[in-house]
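Have a look at the structure below, then the notes.
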Amino acid sequence: MRPGRAQQDPDHVLLRRARRVIALQTAAAITVSLLVVGVLALIVVTRSQNAAATSLLRDTAASADDVEDPPPGVWIFRQDAAGAVEGTRDAPGRLPDLAALARVRAGGPAETGETGGREGGYLVLTTRRDDRVVQVVMSRHEQHDERERLIGALAAGELVGLLIAALSATLLARRATAPLADALARQRRFVADASHELRTPLTQLHTRAQLLQMDLRAGETGESVATDVDRLVAGTRHLGEVVEDLLLSTQLSRRDDARVPVDLRAVAADVIADHANRAREQDVELTLVPAADGPAVVRGHRAALRRVLTALVDNALSHTAGGGHVSVELGREHAVVSVVVRDDGTGFDPADTERLFARFARGSHGDQRRFGLGLALAREVVTGHGGTIEASGRPGQGAAFTIRLPAG
């Protein structure tokens, strides 16, 4: 049996648990709120009905001169001093309440009570008026039906509210956990990037250190040891560049500090100076072509933009053979500053244009070349500065990477 996704991905389990808890708590809070409102509405309606019924009975008892014409749903009974009772015709069979009449006739206080009957029963007011005892009875059937309708409406509203609460809580839970999901995704991506990018340079660095150790133990001196040391230094530099790329990848979306004017000509000159020895060793001409239409100044983060040019120049040198040319050309047109890193090296298949900027992608059509992390970070930096980066090239005809940024 194939293990489920929740078993394979602890982060997914954490997110699902957090969403479930948030959804349940939110739905419960909304449901309880609706229930409290419904109960309060029912209490208010019931009290209002009781007050209206009591007021009607008192008014009717005070003016009970005619037992034959009471208000609808009301019956009037009168008992004289001799004990004879007269009342409204067609009264329910259990009426009047003779026990209440007897108590008030014997000198007891006025009574208000309830007696059973149809749904809701009856509300009974027994009081003395002159030398007679008057009893007014009101059916609670209509009030009972009104409460039943209210309860039904409240129950339906509660069910609809519960459904809406569940859907809303689910959406709120997803939105609330979105930052957590993004943070976990960034963490996983950084770990994957770090493990993928650091494995090769660390292995090479370890191997070169072992070779240097073997040479020293064997008593080697001079050019052999110097070559190993040079390679060791180059390896540490490469490792430092990879670490800097990885750190930059985690900071791009959080670089909220104020941007400053950056002279891309000065940045490009620094990058070319850093790669001058490598270009000389590869017999590659590395040149800077300044802008002819004004200063190439943009607003941004100098370190991040420097890493972009470093990645592009490093990429160009890596794919240019001896006797080739690599140039960094600056230009300005209206409010846009452009930087073109051009080489006449191996080039690339146009089908790989977008894949160049994907993390750790490989070439198409069986091409095993790995594009690494640098170009992907270059696009992230340029996009974060409000610009664009494009690649063009042909196999064997070189490549050109064009950056366009708003002028500062």
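Ligands are numbered from 1 in the order shown, residues from 1 within each chain, and chains are lettered A, B, ... in the order they appear in the structure tokens.
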key: DSSP-assigned alpha helix (DSSP H) members of stretch 88-134 of chain A, reported as a VMD selection string   = chain A and resid 98 to 105
inquiry  = Please compute the atom CA of A:Leu40-atom CA of A:Asp59 distance, one decimal, in Å.
reply    =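 Straight-line distance from atom CA of A:Leu40 to atom CA of A:Asp59 works out to 28.6 Å.
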request  = Mind checking which residues fall within 8 Å of A:Leu15, counting only C-alpha atoms, ignoring those fewer than 6 positions away in the same chain, and posting them as a list in words?
outcome  = Thr177, Leu180 and Ala181 of chain A
ask   = Could you pull the residues within 8 Å of stretch 56-58 of chain A, counting only C-alpha atoms, minus those fewer than 5 positions along the same chain, as a PyMOL selection string?
value = chain A and resi 125+136-138
Write out, as a tab-separated table (two decimals), in the first residue's frame, the residues just selected, with all heavy atoms.
```tsv
chain	number	residue	atom	x	y	z
A	125	LEU	N	-57.09	34.40	33.83
A	125	LEU	CA	-57.08	35.48	34.81
A	125	LEU	C	-58.41	35.44	35.57
A	125	LEU	O	-59.49	35.55	34.96
A	125	LEU	CB	-56.91	36.84	34.13
A	125	LEU	CG	-57.09	38.06	35.05
A	125	LEU	CD1	-56.02	38.08	36.15
A	125	LEU	CD2	-57.07	39.35	34.24
A	136	VAL	N	-61.36	35.43	32.86
A	136	VAL	CA	-61.10	35.63	31.43
A	136	VAL	C	-60.05	34.61	31.00
A	136	VAL	O	-58.98	34.52	31.62
A	136	VAL	CB	-60.62	37.06	31.13
A	136	VAL	CG1	-60.43	37.23	29.62
A	136	VAL	CG2	-61.62	38.07	31.67
A	137	VAL	N	-60.35	33.88	29.97
A	137	VAL	CA	-59.46	32.81	29.48
A	137	VAL	C	-59.05	33.13	28.05
A	137	VAL	O	-59.91	33.46	27.21
A	137	VAL	CB	-60.15	31.43	29.54
A	137	VAL	CG1	-59.19	30.35	29.08
A	137	VAL	CG2	-60.67	31.15	30.96
A	138	MET	N	-57.75	33.00	27.79
A	138	MET	CA	-57.22	33.26	26.44
A	138	MET	C	-56.49	32.03	25.92
A	138	MET	O	-55.67	31.44	26.63
A	138	MET	CB	-56.26	34.46	26.47
A	138	MET	CG	-55.58	34.73	25.15
A	138	MET	SD	-54.41	36.12	25.28
A	138	MET	CE	-53.71	36.09	23.63
```
task = Give the answer as one residue: which of A:Gln210, A:Thr170, A:Thr127, A:Thr227 has the shortest atom-to-atom distance to A:Ile22, using only C-alpha atoms?
result = A:Thr170
request  = Compile the contact shell of A:Leu123 as a PyMOL selection string: residues with an atom at most 8 Å away, counting only C-alpha atoms, same-chain residues fewer than 3 positions apart removed.
outcome  = chain A and resi 53+112-115+137-140
Would you mind exporting the chosen residues as a tab-separated table (two decimals), in the first residue's frame, restricted to N, CA, C and O atoms?
```
chain	number	residue	atom	x	y	z
A	53	ALA	N	-50.52	39.22	26.22
A	53	ALA	CA	-51.65	38.39	26.65
A	53	ALA	C	-52.18	38.85	28.01
A	53	ALA	O	-53.40	38.97	28.22
A	112	THR	N	-53.53	34.69	38.20
A	112	THR	CA	-53.20	34.51	36.79
A	112	THR	C	-52.42	33.21	36.66
A	112	THR	O	-51.39	33.03	37.32
A	113	GLY	N	-52.93	32.31	35.85
A	113	GLY	CA	-52.27	31.02	35.71
A	113	GLY	C	-52.51	30.42	34.35
A	113	GLY	O	-53.15	31.05	33.48
A	114	GLU	N	-52.01	29.22	34.16
A	114	GLU	CA	-52.15	28.52	32.90
A	114	GLU	C	-52.81	27.19	33.15
A	114	GLU	O	-52.66	26.58	34.22
A	115	THR	N	-53.56	26.72	32.16
A	115	THR	CA	-54.17	25.40	32.22
A	115	THR	C	-53.97	24.72	30.88
A	115	THR	O	-53.86	25.37	29.84
A	137	VAL	N	-60.35	33.88	29.97
A	137	VAL	CA	-59.46	32.81	29.48
A	137	VAL	C	-59.05	33.13	28.05
A	137	VAL	O	-59.91	33.46	27.21
A	138	MET	N	-57.75	33.00	27.79
A	138	MET	CA	-57.22	33.26	26.44
A	138	MET	C	-56.49	32.03	25.92
A	138	MET	O	-55.67	31.44	26.63
A	139	SER	N	-56.76	31.66	24.69
A	139	SER	CA	-56.06	30.54	24.08
A	139	SER	C	-54.63	30.95	23.70
A	139	SER	O	-54.42	32.02	23.12
A	140	ARG	N	-53.67	30.09	24.03
A	140	ARG	CA	-52.25	30.35	23.65
A	140	ARG	C	-51.88	29.67	22.35
A	140	ARG	O	-50.70	29.62	22.00
```
query = Which neighbours of A:Phe401 fall inside 7 Å, counting only C-alpha atoms, when residues of the same chain fewer than 5 positions from it are skipped, and could you give them as number ranges by chain?
reply = A: 340-342, 389-392
Okay, now the selection with N, CA and C atoms, as a PDB file, in the first residue's frame?
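Result file follows (result.pdb):
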```pdb
ATOM      1  N   VAL A 340      23.680  44.528 -21.363  1.00  0.00           N
ATOM      2  CA  VAL A 340      23.722  43.334 -22.205  1.00  0.00           C
ATOM      3  C   VAL A 340      25.055  42.629 -21.968  1.00  0.00           C
ATOM      4  N   VAL A 341      24.993  41.397 -21.505  1.00  0.00           N
ATOM      5  CA  VAL A 341      26.185  40.559 -21.364  1.00  0.00           C
ATOM      6  C   VAL A 341      26.195  39.619 -22.559  1.00  0.00           C
ATOM      7  N   ARG A 342      27.176  39.817 -23.436  1.00  0.00           N
ATOM      8  CA  ARG A 342      27.199  39.116 -24.714  1.00  0.00           C
ATOM      9  C   ARG A 342      28.482  38.283 -24.841  1.00  0.00           C
ATOM     10  N   ILE A 389      14.556  40.591 -17.689  1.00  0.00           N
ATOM     11  CA  ILE A 389      15.787  39.983 -18.202  1.00  0.00           C
ATOM     12  C   ILE A 389      15.403  38.984 -19.275  1.00  0.00           C
ATOM     13  N   GLU A 390      16.086  39.050 -20.404  1.00  0.00           N
ATOM     14  CA  GLU A 390      15.798  38.186 -21.536  1.00  0.00           C
ATOM     15  C   GLU A 390      17.085  37.533 -22.013  1.00  0.00           C
ATOM     16  N   ALA A 391      16.940  36.345 -22.610  1.00  0.00           N
ATOM     17  CA  ALA A 391      18.087  35.614 -23.147  1.00  0.00           C
ATOM     18  C   ALA A 391      17.837  35.297 -24.603  1.00  0.00           C
ATOM     19  N   SER A 392      18.885  35.381 -25.394  1.00  0.00           N
ATOM     20  CA  SER A 392      18.796  35.015 -26.806  1.00  0.00           C
ATOM     21  C   SER A 392      20.095  34.337 -27.206  1.00  0.00           C
TER      22      SER A 392
END
```
inquiry  = From the options A:Arg280, A:Arg103, A:His141, A:Arg132, which residue's atoms come nearest to A:Val85, counting only C-alpha atoms?
reply    =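 When distances to A:Val85 are compared using only C-alpha atoms, the smallest one comes from A:Arg132.
For A:Val134, the list of residues within 7 Å, based on only C-alpha atoms and with local chain neighbours fewer than 5 positions off taken out, reads Ala61, Phe77, Arg78, Gln79, Thr126, Thr127, Arg128 and Arg129 of chain A.
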Between atom CA of A:Ala276 and atom CA of A:Ala303 - distance in Å to one decimal =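 Rounded to one decimal, the two atoms are 19.4 Å apart.
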inquiry  = Restricting the calculation to only C-alpha atoms: of A:Ala176, A:Leu162, A:Val267, A:Ala234, which residue gets closest to A:Ser33?
reply    =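 So, comparing all the options, the nearest one is A:Leu162.
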request  = From the DSSP assignment of the backbone, select every residue of stretch 67-310 of chain A that is strand (DSSP E or B), and format the answer as a PyMOL selection string.
outcome  = chain A and resi 74-79+85-87+111-115+122-129+132-139+260-263+285-289+297-300
